[in-house]
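*Asks:* Dropping the structure in here first, questions after.
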Amino acid sequence: MVREHSRPGGTDAPARPVRGVGLLTRVERALGTGTAAYLPGDGWIRLTLPLDDGGPAPLTLDLVADTVRAPHGIVYLLPGGGLNFASDFFTPGGDNLAHHLRRQGLLVVGVTPREDAARAADVTAGFGLAAHRRDLAGVVAALDSVLGLPYEYAGHSAGAVLALDAASHDPSERLRRVLALDTAGPCAGALAERAAEAREVYEEQLARGVHAADPGLAALVARAVADPSGASAVPWPPDPSRRFTHAGLAHFALIRTSALPGPAQWVYRQGHGAGEYAFGATPAEDRFALAHTPLATWHAATSALGSGLVPTALMRDLAAVWAGDGKAYGIAWERIRCEVVWVNTELGRGDEPRGAELIRAGGNERVRFTTVPGYGHGDAVWSRTAATDLWPLL
C-alpha cells in the first residue's frame, strides 16, 4: 500500500516546523512496525503506517493532521467492505471527507482492515466483524495512550456497522460520537427474512472454505474507462444474445446495483450511485448518466484499492445484523451511550431507522437519523455536492 517513503526533515518536508509533523512523529515512534510514508500537502500532512503484528496481513493507519493548529479530538474513519481509507475517504483528492473532518479541528485516523493488504489465501473464517472490532480497539487504545484526546468513530457502509459495534463495546468517557454514513441496522418484515437468507448463504460458503470474494467493481470501472464501447462478457437484458458495452455495464452496475445477482444486493434501495439508465435498440444505444459522482471519481476510488477483497465472515456478520434475530452476530444497541449521528441515502441503504430506534429504546436520546433524498450509496462520500448537501449533517 505504501508507495513513497519520506520523513519530516527530508526533501518533501515543509520548510518550517509545523504542528502536524511533531504529532505524527510521536505516533510513528509509539506504533510504528512497518515502513512509514509521509506526504505533505497544503496545510496538512499525511502519515501512512502499516501495523505489522505478525498477522496474515497488516492493518494500515492513515493519519491526516492539520499543520497550523493542534487537533481538539480524533476521528477514526472506517471504510466500507472491500474499500480502504484512500479509496473511501481520501477521494476525490482535492476535496474529500477526510479533509472536511480535518478542517473541523480533528486528527483524522483512517483504519484500513487487514484484507486490503491480504491475498485471498490469507483471508480466513476469522475475518468477521468481531475481529475487525478488536483490531480497531487495539488502535484506539494505542493512540489513546499517546495522545489522550476525545474521539469519535465514523464509518461508511460496513464501516458504519463496525463503528456502531465498536461503540457498544467502548465504555470510555473520551468516546464522544458515532457518525454512521449510509448503513443498515436490523431490518423488518420481508427484508429481515432476506437478510436471514443471505446469512445462511454466507454460512454455507464458509463451510465450503470460501473465505473471501472480490466484487469486481474496480475491473468493471477500469474497462469502462479504457474501452467504453467494447463488448463486455455480460448478457444484455433486453436481448441476452447481445452483450453490454463496458461503459453500459459499469453504469448499470453503479445505478441499478439492486438488480444485480448476489445474496446481498437487495440491501441497496437502488444503487451505488444516483443516475438514469435506459435501454436502447442495441447495447451501443443505451443511454445512461450518473447524477452526482462522475465515472472519473469512481475510477479514482477503485484504482486506490488494495486487494478489493470482502471477507465472507464479515458479510455473514453484516447479514446477521440486518436480520436482527440474534443468530450468528448482533449489536448490543442498548450499550451505545455516546451521541449518534446516522445519515442514510435514499437510493443506498434508504430510510431504515430501526437501529437508531433501538439505541433510543435503550435509553440514549442523543440519536439523530436522517435520510438524504436523491443520493446513492457511494455518492455519500464521492459526490461533487456532498460537501454542501450531506457532510454538514455530520
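How things are named: the first chain in the C-alpha cells is A, the next is B, and so on; residues count from 1 in each chain; ligands count from 1 in the order shown.
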Could you give me the residues within stretch 52-221 of chain A that DSSP places in helix (DSSP H, G or I), as number ranges by chain?

*Replies:* A: 85-89, 97-102, 114-117, 120-122, 129-147, 158-168, 189-207, 217-221

*Asks:* Can you pull out every residue within 12 Å of A:Asp389, counting only C-alpha atoms, but drop anything in the same chain fewer than 2 positions away, and send it as a short mmCIF file (atom, residue, chain, number, x, y, z; two decimals) with C-alpha atoms, in the first residue's frame?

*Replies:*
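The resulting result_25.cif:
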```cif
data_model
loop_
_atom_site.label_atom_id
_atom_site.label_comp_id
_atom_site.auth_asym_id
_atom_site.auth_seq_id
_atom_site.Cartn_x
_atom_site.Cartn_y
_atom_site.Cartn_z
CA HIS A 292 -23.76 13.10 -8.57
CA VAL A 343 -27.17 9.67 7.82
CA THR A 345 -29.12 7.99 1.38
CA THR A 371 -32.20 10.24 5.01
CA VAL A 372 -30.83 12.39 2.18
CA PRO A 373 -33.02 12.29 -0.96
CA GLY A 374 -31.65 11.64 -4.43
CA TYR A 375 -28.29 10.24 -3.35
CA ASP A 379 -22.48 9.45 -3.53
CA ALA A 380 -22.44 9.99 0.22
CA VAL A 381 -18.64 10.18 0.14
CA TRP A 382 -17.74 10.89 -3.52
CA SER A 383 -20.39 13.25 -4.87
CA ARG A 384 -19.33 16.67 -6.10
CA THR A 385 -22.11 18.16 -3.96
CA ALA A 386 -21.77 16.02 -0.81
CA ALA A 387 -19.80 18.78 0.91
CA TRP A 391 -21.45 16.30 5.09
CA PRO A 392 -22.80 19.28 7.09
CA LEU A 393 -25.33 16.82 8.58
CA LEU A 394 -22.37 15.06 10.22
#
```

*Asks:* I'd like the contact shell of stretch 317-322 of chain A - 8 Å cut-off, only C-alpha atoms, skipping same-chain residues fewer than 3 positions apart - returned as a list in words.

*Replies:*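 Returned residues: Gly128, Leu129, Ala158, Val161, Ala184, Gly185, Pro186, Cys187, Ala192, Ala195, Ala196, Ala198, Arg199, Ala264, Ala313, Leu314, Asp325, Gly326, Lys327, Ala328, Tyr329, Gly330 and Ile331 of chain A.
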
*Asks:* For those residues, write all heavy atoms to a file as a short mmCIF file (atom, residue, chain, number, x, y, z; two decimals), in the first residue's frame.

*Replies:*
```cif
data_model
loop_
_atom_site.label_atom_id
_atom_site.label_comp_id
_atom_site.auth_asym_id
_atom_site.auth_seq_id
_atom_site.Cartn_x
_atom_site.Cartn_y
_atom_site.Cartn_z
N GLY A 128 -14.22 -11.89 10.65
CA GLY A 128 -15.56 -11.37 10.84
C GLY A 128 -15.58 -10.02 11.52
O GLY A 128 -14.54 -9.39 11.76
N LEU A 129 -16.77 -9.58 11.87
CA LEU A 129 -16.94 -8.25 12.46
C LEU A 129 -16.24 -8.13 13.81
O LEU A 129 -15.65 -7.09 14.13
CB LEU A 129 -18.44 -7.96 12.60
CG LEU A 129 -18.86 -6.52 12.88
CD1 LEU A 129 -18.28 -5.55 11.86
CD2 LEU A 129 -20.38 -6.42 12.89
N ALA A 158 -20.27 -0.85 5.56
CA ALA A 158 -19.86 -1.82 6.57
C ALA A 158 -19.03 -1.17 7.67
O ALA A 158 -19.07 -1.60 8.83
CB ALA A 158 -19.05 -2.94 5.90
N VAL A 161 -21.34 0.02 10.39
CA VAL A 161 -21.74 -1.06 11.30
C VAL A 161 -20.62 -1.33 12.30
O VAL A 161 -20.87 -1.50 13.51
CB VAL A 161 -22.08 -2.34 10.52
CG1 VAL A 161 -22.43 -3.48 11.47
CG2 VAL A 161 -23.24 -2.09 9.56
N ALA A 184 -27.07 -0.07 7.20
CA ALA A 184 -28.32 -0.70 7.62
C ALA A 184 -28.15 -1.35 8.98
O ALA A 184 -27.17 -2.04 9.23
CB ALA A 184 -28.76 -1.75 6.59
N GLY A 185 -29.11 -1.11 9.85
CA GLY A 185 -29.23 -1.85 11.10
C GLY A 185 -30.22 -2.98 10.88
O GLY A 185 -30.44 -3.42 9.74
N PRO A 186 -30.84 -3.46 11.93
CA PRO A 186 -31.84 -4.53 11.77
C PRO A 186 -32.99 -4.09 10.87
O PRO A 186 -33.52 -2.99 11.01
CB PRO A 186 -32.32 -4.77 13.20
CG PRO A 186 -31.20 -4.30 14.07
CD PRO A 186 -30.62 -3.13 13.35
N CYS A 187 -33.35 -4.96 9.94
CA CYS A 187 -34.46 -4.69 9.04
C CYS A 187 -35.75 -5.26 9.62
O CYS A 187 -35.74 -5.90 10.67
CB CYS A 187 -34.18 -5.31 7.67
SG CYS A 187 -32.66 -4.70 6.88
N ALA A 192 -35.96 -8.40 6.57
CA ALA A 192 -35.32 -9.21 7.61
C ALA A 192 -35.22 -10.66 7.18
O ALA A 192 -34.21 -11.34 7.44
CB ALA A 192 -36.09 -9.09 8.92
N ALA A 195 -32.44 -10.93 4.74
CA ALA A 195 -31.17 -10.86 5.45
C ALA A 195 -30.81 -12.20 6.07
O ALA A 195 -29.66 -12.65 6.00
CB ALA A 195 -31.23 -9.78 6.53
N ALA A 196 -31.78 -12.87 6.67
CA ALA A 196 -31.53 -14.20 7.26
C ALA A 196 -31.13 -15.19 6.17
O ALA A 196 -30.24 -16.04 6.37
CB ALA A 196 -32.77 -14.68 8.00
N ALA A 198 -29.60 -14.41 3.38
CA ALA A 198 -28.23 -14.06 2.99
C ALA A 198 -27.23 -14.59 3.99
O ALA A 198 -26.16 -15.11 3.62
CB ALA A 198 -28.10 -12.54 2.87
N ARG A 199 -27.54 -14.47 5.28
CA ARG A 199 -26.65 -15.01 6.31
C ARG A 199 -26.42 -16.50 6.09
O ARG A 199 -25.28 -16.99 6.18
CB ARG A 199 -27.26 -14.77 7.69
CG ARG A 199 -26.39 -15.27 8.84
CD ARG A 199 -27.15 -15.20 10.16
NE ARG A 199 -28.35 -16.02 10.11
CZ ARG A 199 -29.52 -15.67 10.64
NH1 ARG A 199 -29.66 -14.53 11.26
NH2 ARG A 199 -30.57 -16.47 10.54
N ALA A 264 -26.77 -10.28 -1.34
CA ALA A 264 -26.95 -9.07 -0.53
C ALA A 264 -27.22 -7.82 -1.35
O ALA A 264 -27.24 -6.72 -0.79
CB ALA A 264 -25.72 -8.85 0.35
N ALA A 313 -16.79 -13.99 6.13
CA ALA A 313 -17.21 -13.91 7.54
C ALA A 313 -17.76 -12.53 7.87
O ALA A 313 -18.71 -12.39 8.66
CB ALA A 313 -16.05 -14.26 8.46
N LEU A 314 -17.19 -11.48 7.29
CA LEU A 314 -17.71 -10.13 7.51
C LEU A 314 -19.11 -10.00 6.93
O LEU A 314 -20.01 -9.45 7.56
CB LEU A 314 -16.76 -9.11 6.89
CG LEU A 314 -17.20 -7.65 6.98
CD1 LEU A 314 -17.34 -7.19 8.42
CD2 LEU A 314 -16.23 -6.74 6.22
N ASP A 325 -32.07 -11.10 14.37
CA ASP A 325 -32.73 -12.16 15.14
C ASP A 325 -31.81 -12.80 16.18
O ASP A 325 -32.17 -13.79 16.81
CB ASP A 325 -33.28 -13.24 14.21
CG ASP A 325 -32.21 -13.85 13.29
OD1 ASP A 325 -31.00 -13.61 13.53
OD2 ASP A 325 -32.57 -14.57 12.34
N GLY A 326 -30.62 -12.21 16.36
CA GLY A 326 -29.71 -12.71 17.39
C GLY A 326 -28.90 -13.93 16.99
O GLY A 326 -28.14 -14.45 17.81
N LYS A 327 -29.04 -14.39 15.76
CA LYS A 327 -28.30 -15.56 15.31
C LYS A 327 -27.00 -15.13 14.64
O LYS A 327 -26.99 -14.23 13.82
CB LYS A 327 -29.15 -16.38 14.34
CG LYS A 327 -30.41 -16.96 14.97
CD LYS A 327 -31.20 -17.76 13.94
CE LYS A 327 -32.48 -18.32 14.56
NZ LYS A 327 -33.28 -19.08 13.57
N ALA A 328 -25.92 -15.80 15.00
CA ALA A 328 -24.58 -15.61 14.41
C ALA A 328 -23.90 -14.33 14.90
O ALA A 328 -22.74 -14.36 15.29
CB ALA A 328 -24.62 -15.64 12.88
N TYR A 329 -24.60 -13.19 14.87
CA TYR A 329 -23.98 -11.95 15.33
C TYR A 329 -25.07 -10.93 15.61
O TYR A 329 -26.13 -10.94 14.99
CB TYR A 329 -23.01 -11.39 14.28
CG TYR A 329 -21.96 -10.48 14.89
CD1 TYR A 329 -20.73 -10.99 15.29
CD2 TYR A 329 -22.20 -9.13 15.09
CE1 TYR A 329 -19.77 -10.18 15.89
CE2 TYR A 329 -21.24 -8.31 15.67
CZ TYR A 329 -20.04 -8.84 16.07
OH TYR A 329 -19.10 -8.04 16.66
N GLY A 330 -24.80 -10.04 16.53
CA GLY A 330 -25.72 -8.96 16.84
C GLY A 330 -25.00 -7.84 17.55
O GLY A 330 -23.92 -8.03 18.13
N ILE A 331 -25.56 -6.65 17.49
CA ILE A 331 -25.03 -5.48 18.17
C ILE A 331 -25.89 -5.18 19.39
O ILE A 331 -27.13 -5.21 19.31
CB ILE A 331 -25.00 -4.26 17.24
CG1 ILE A 331 -23.99 -4.49 16.11
CG2 ILE A 331 -24.64 -2.98 18.01
CD1 ILE A 331 -23.95 -3.37 15.08
#
```

*Asks:* Which of these residues is nearest to A:Thr388, using only C-alpha atoms: A:Arg29, A:Arg360, A:His100, A:Arg69?

*Replies:*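 Checking each candidate against A:Thr388, we get A:His100 as the closest.
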
*Asks:* With only C-alpha atoms as the basis for distance, which of A:Ala332, A:Arg177, A:Pro71, A:Leu97 is at the shortest distance from A:Leu358?

*Replies:*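 Among A:Ala332, A:Arg177, A:Pro71, A:Leu97, it is A:Ala332 that comes nearest to A:Leu358.
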